[in-house]
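Undergrad: My questions all concern the structure below.
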Amino acid sequence: MSIILRQNVRGVRAGDGTGRQIGASLSTGTDPGPLSAPYVMKSSPHVAVVGATGAVGIEMIRTLERRNFPVGKLTLLASARSVGKKLTFRGTEIIVQELTHDAFAGIDIALFSAGGSISRDYAPSAVKAGCVVVDNSSYFRQDPKVPLVVPEINAADVASHHGIIANPNCTTAITLMALYPLHKAFGVKRIFASSYQAVSGTGAKAIEELEKQVGQIVRGEPVTREVYPHQIAFNVLPQVDSFLASGYTKEEMKLENEGRKIMHHPGFKASVTCVRVPVYRSHSVAVSAEFEKPITVEAARTVLLQAPGLDVVDNPSASEYPMPLHTSEKDNCAVGRIRMDCAMDNGLTFWICGDQLLKGAALNAVQIAEELLKLK
Ligand code: A2P
């Protein structure tokens with residue numbers, strides 16, 4: 001498993017090319033209004049990945065290559081610690097540069113995944129330099145001027161950006177891949193959900209921590225920890241992110257808050273328990289949803305079979321259902337265990353898995369960049 005993991009997380013190949021800059025000018029601090037309308041992105045943009053050495057950053061580089069995104073030039077930015085490190089893109093080695101406020105000159109699209117405080121501090125500099133930011137952090141997600149987008153759900157919202165587009169929380173994006181098509185057909189009122197979140201969602205250091213703890217336990221050594229408040233190996237932690245006064249964590253409220261914005265459904269309610277599990281990659285979510293309209297398993301299955309980016313894996317008699325091992329490194333999410341909820345009227349219960357480094361982060365960000373290219 002650890003060998004596969006190293007390949008997954010570190011086996012990046014990255015390229016080069018030449019791009020020309022477009023002059024989208026934005027001031028920050030005051031509302032700049034939408035970028036010049038109609039806003040047209042050049043066909044071979046100069047792309048930057050901010051946090052290029054991280055678990056998501058590396059997947060962003062791989063996803064740009066895998067989907068043949070028409071990168072004119074790729075710039076890789078990370079902390080001073082990583083300067084000089086080489087990552088490969090399309091067979092060419094690219095040297096990682098230090099993220100500074102001046103690093104965005106000539107860059108058209110910047111995919112940020114270096115944490116909320118980096119996005120807060122550096123995204124305005126990128127926008128000021130004429131760059132469109134696709135931000136994977138939570139920092140801008142609730143800003144009314146910042147579209148929050150899952151392209152399969154609300155791609156049209158990309159057009160209303162003011163220089164920054166937010167990528168949703170990973171658990172939210174994965175859950176909505178099944179919930180939104182059901183909402184369109186049956187009108188979701190509320191959900192009760194529990195997540196089973198992989199350690200790679202926390203970042204590269206958490207992957208190392210799980211691997212290290214497994215080794216320590218197997219060798220009978222004392223367990224050391226740095227990232228999580230408790231041992232994660234052979235354990236589950238009912239805490240993802242910090243606690244709010246309500247007793248929920250910040251992560252738990254993202255499904256309701258971000259779900260409302262993405263689905264354009266202000267009345268949507270979600271009661272969620274987020275749990276970190278000793279899984280390297282791919283999140284799972286158990287969801288019980290209540291709908292306005294009557295629903296059946298057959299009608300739900302028909303809807304889900306047609307949903308983009310989603311596989312239906314649901315053959316309980318053969319023990320076939322989605323599992324994180326199967327959805328790792330896959331673009332599509334998978335839904336199964338579809339059944340009538342026995343405790344709610346018009347209720348459906350299901351289980352969904354998805355690679356949170358891909359649909360929950362890098363893939364969704366690159367899909368948003370693809371939508372930017374379509375703006376006319
Ligand atoms: P670095 O590798 O140089 O620390 P992860 O989520 O896997 O922990 O990755 C976080 C990403 O964010 C890494 O690429 C990391 O770079 C980057 N990062 C963290 N702190 C900074 C910073 N102060 N400036 C620029 N990049 C940063």
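We label chains A, B, ... in the order they appear in the structure tokens, count residues from 1 in each chain, and number ligands from 1 in the order shown.
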Check which residues fall inside 9 Å of ligand 1 when counting only C-alpha atoms and all ligand atoms, and print them as an MDAnalysis selection string.
TA: chainID A and resid 49:58 77:83 96 98:100 112:115 117:118 200:207
Undergrad: So that I can see what lies close to Lys189 in chain A, please list as a VMD selection string the residues with an atom at most 6 Å from it, counting only C-alpha atoms and leaving out residues fewer than 4 positions away in the same chain.
TA: chain A and resid 268 290 to 291
Undergrad: I'd like the neighbourhood of Ile107 in chain A as a list in words, where a residue qualifies if any of its atoms comes within 9 Å (using only C-alpha atoms), though same-chain residues fewer than 2 positions away should be ignored.
TA: Gly19, Arg20, Gln21, Ile22, Pro45, His46, Val47, Ala48, Lys73, Leu74, Thr75, Ala103, Phe104, Ala105, Ile109, Ala110, Ala126, Ala129, Gly130, Cys131 and Val132 of chain A
Undergrad: Can you build me a table of range 102-165 of chain A residues sitting at most 10 Å from range 239-255 of chain A, with the closest atom pair per residue and its distance in Å to one decimal, using only C-alpha atoms, sorted by chain and residue number, as CSV?
TA:
```
residue,atom,partner,partner_atom,distance
A:Ser138,CA,A:Lys254,CA,9.0
A:Arg141,CA,A:Lys254,CA,9.6
A:Gln142,CA,A:Lys254,CA,9.8
```
Undergrad: Just the residues within 12 Å of Thr224 in chain A, please, counting only C-alpha atoms, with nothing from its chain fewer than 6 positions along; format it as a ChimeraX atom specification.
TA: /A:208-217,230-233
Undergrad: Do a neighbour search on Ile295 in chain A at 8 Å with only C-alpha atoms, toss out local chain neighbours closer than 5 positions, and write the hits as a ChimeraX atom specification.
TA: /A:186,300,346-348
Undergrad: How would the residues just picked look written out with C-alpha atoms as an mmCIF file, in the first residue's frame?
TA:
```cif
data_model
loop_
_atom_site.group_PDB
_atom_site.id
_atom_site.type_symbol
_atom_site.label_atom_id
_atom_site.label_comp_id
_atom_site.auth_asym_id
_atom_site.auth_seq_id
_atom_site.Cartn_x
_atom_site.Cartn_y
_atom_site.Cartn_z
ATOM 1 C CA PHE A 186 -37.214 15.124 -6.367
ATOM 2 C CA ALA A 300 -33.501 7.340 -8.049
ATOM 3 C CA ASN A 346 -39.761 10.450 0.926
ATOM 4 C CA GLY A 347 -36.340 9.464 2.183
ATOM 5 C CA LEU A 348 -33.487 7.787 0.338
#
```
Undergrad: Just asking: which residues within range 100-252 of chain A are helix (DSSP H, G or I) according to DSSP, as a PyMOL selection string?
TA: chain A and resi 116-128+151-160+170-186+199-201+204-218+250-252
Undergrad: Using C-alpha atoms, can you export the residues from the last selection as an mmCIF file, in the first residue's frame?
TA:
```
data_model
loop_
_atom_site.group_PDB
_atom_site.id
_atom_site.type_symbol
_atom_site.label_atom_id
_atom_site.label_comp_id
_atom_site.auth_asym_id
_atom_site.auth_seq_id
_atom_site.Cartn_x
_atom_site.Cartn_y
_atom_site.Cartn_z
ATOM 1 C CA GLY A 116 -6.495 29.399 3.272
ATOM 2 C CA SER A 117 -3.972 31.900 4.596
ATOM 3 C CA ILE A 118 -1.862 31.650 1.420
ATOM 4 C CA SER A 119 -5.011 32.192 -0.679
ATOM 5 C CA ARG A 120 -6.013 35.153 1.497
ATOM 6 C CA ASP A 121 -2.566 36.740 1.200
ATOM 7 C CA TYR A 122 -1.643 35.950 -2.416
ATOM 8 C CA ALA A 123 -4.845 35.547 -4.477
ATOM 9 C CA PRO A 124 -5.422 39.345 -4.542
ATOM 10 C CA SER A 125 -1.887 39.826 -5.932
ATOM 11 C CA ALA A 126 -2.627 37.259 -8.630
ATOM 12 C CA VAL A 127 -5.891 38.973 -9.559
ATOM 13 C CA LYS A 128 -4.142 42.339 -9.615
ATOM 14 C CA PRO A 151 -19.003 22.142 -13.227
ATOM 15 C CA GLU A 152 -21.507 19.258 -13.483
ATOM 16 C CA ILE A 153 -23.906 21.349 -11.362
ATOM 17 C CA ASN A 154 -23.413 25.089 -11.853
ATOM 18 C CA ALA A 155 -20.846 25.612 -14.615
ATOM 19 C CA ALA A 156 -22.702 28.755 -15.738
ATOM 20 C CA ASP A 157 -21.713 30.484 -12.475
ATOM 21 C CA VAL A 158 -18.103 30.631 -13.713
ATOM 22 C CA ALA A 159 -19.110 33.513 -16.012
ATOM 23 C CA SER A 160 -19.899 35.764 -13.050
ATOM 24 C CA CYS A 170 -13.981 17.875 -1.009
ATOM 25 C CA THR A 171 -16.737 16.095 0.948
ATOM 26 C CA THR A 172 -19.296 18.587 -0.351
ATOM 27 C CA ALA A 173 -18.288 18.160 -3.996
ATOM 28 C CA ILE A 174 -18.377 14.368 -3.768
ATOM 29 C CA THR A 175 -21.740 14.259 -1.964
ATOM 30 C CA LEU A 176 -23.354 16.695 -4.402
ATOM 31 C CA MET A 177 -22.364 14.560 -7.387
ATOM 32 C CA ALA A 178 -25.224 12.227 -6.390
ATOM 33 C CA LEU A 179 -27.372 14.571 -4.335
ATOM 34 C CA TYR A 180 -27.778 17.296 -6.956
ATOM 35 C CA PRO A 181 -29.250 15.080 -9.703
ATOM 36 C CA LEU A 182 -31.647 13.669 -7.093
ATOM 37 C CA HIS A 183 -32.474 17.215 -5.975
ATOM 38 C CA LYS A 184 -33.312 18.242 -9.541
ATOM 39 C CA ALA A 185 -35.706 15.314 -9.850
ATOM 40 C CA PHE A 186 -37.214 15.124 -6.367
ATOM 41 C CA VAL A 199 -5.793 11.329 5.375
ATOM 42 C CA SER A 200 -4.558 12.733 2.043
ATOM 43 C CA GLY A 201 -7.304 15.341 2.478
ATOM 44 C CA ALA A 204 1.204 15.168 2.337
ATOM 45 C CA LYS A 205 2.311 15.273 5.989
ATOM 46 C CA ALA A 206 -0.770 13.362 7.123
ATOM 47 C CA ILE A 207 -0.120 10.597 4.611
ATOM 48 C CA GLU A 208 3.374 10.241 6.030
ATOM 49 C CA GLU A 209 1.973 10.230 9.572
ATOM 50 C CA LEU A 210 -0.370 7.318 8.855
ATOM 51 C CA GLU A 211 2.369 5.363 7.108
ATOM 52 C CA LYS A 212 4.827 6.042 9.933
ATOM 53 C CA GLN A 213 2.356 5.075 12.670
ATOM 54 C CA VAL A 214 1.459 1.807 10.926
ATOM 55 C CA GLY A 215 5.187 0.965 10.832
ATOM 56 C CA GLN A 216 5.651 1.929 14.484
ATOM 57 C CA ILE A 217 2.726 -0.228 15.576
ATOM 58 C CA VAL A 218 3.838 -3.214 13.496
ATOM 59 C CA LYS A 250 -16.288 23.854 10.441
ATOM 60 C CA GLU A 251 -15.922 20.963 7.992
ATOM 61 C CA GLU A 252 -19.351 19.608 8.976
#
```
Undergrad: Nearest to Leu111 in chain A: which of A:Leu373, A:Cys342, A:Leu87, A:Ala365 is it, counting only C-alpha atoms?
TA: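 Comparing A:Leu373, A:Cys342, A:Leu87, A:Ala365 against Leu111 in chain A, the winner is A:Ala365.
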Undergrad: Using CA of Pro308 in chain A and CA of Lys374 in chain A as the two end points, give the distance in Å to one decimal.
TA: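 One can read the CA of Pro308 in chain A to CA of Lys374 in chain A distance as 18.5 Å.
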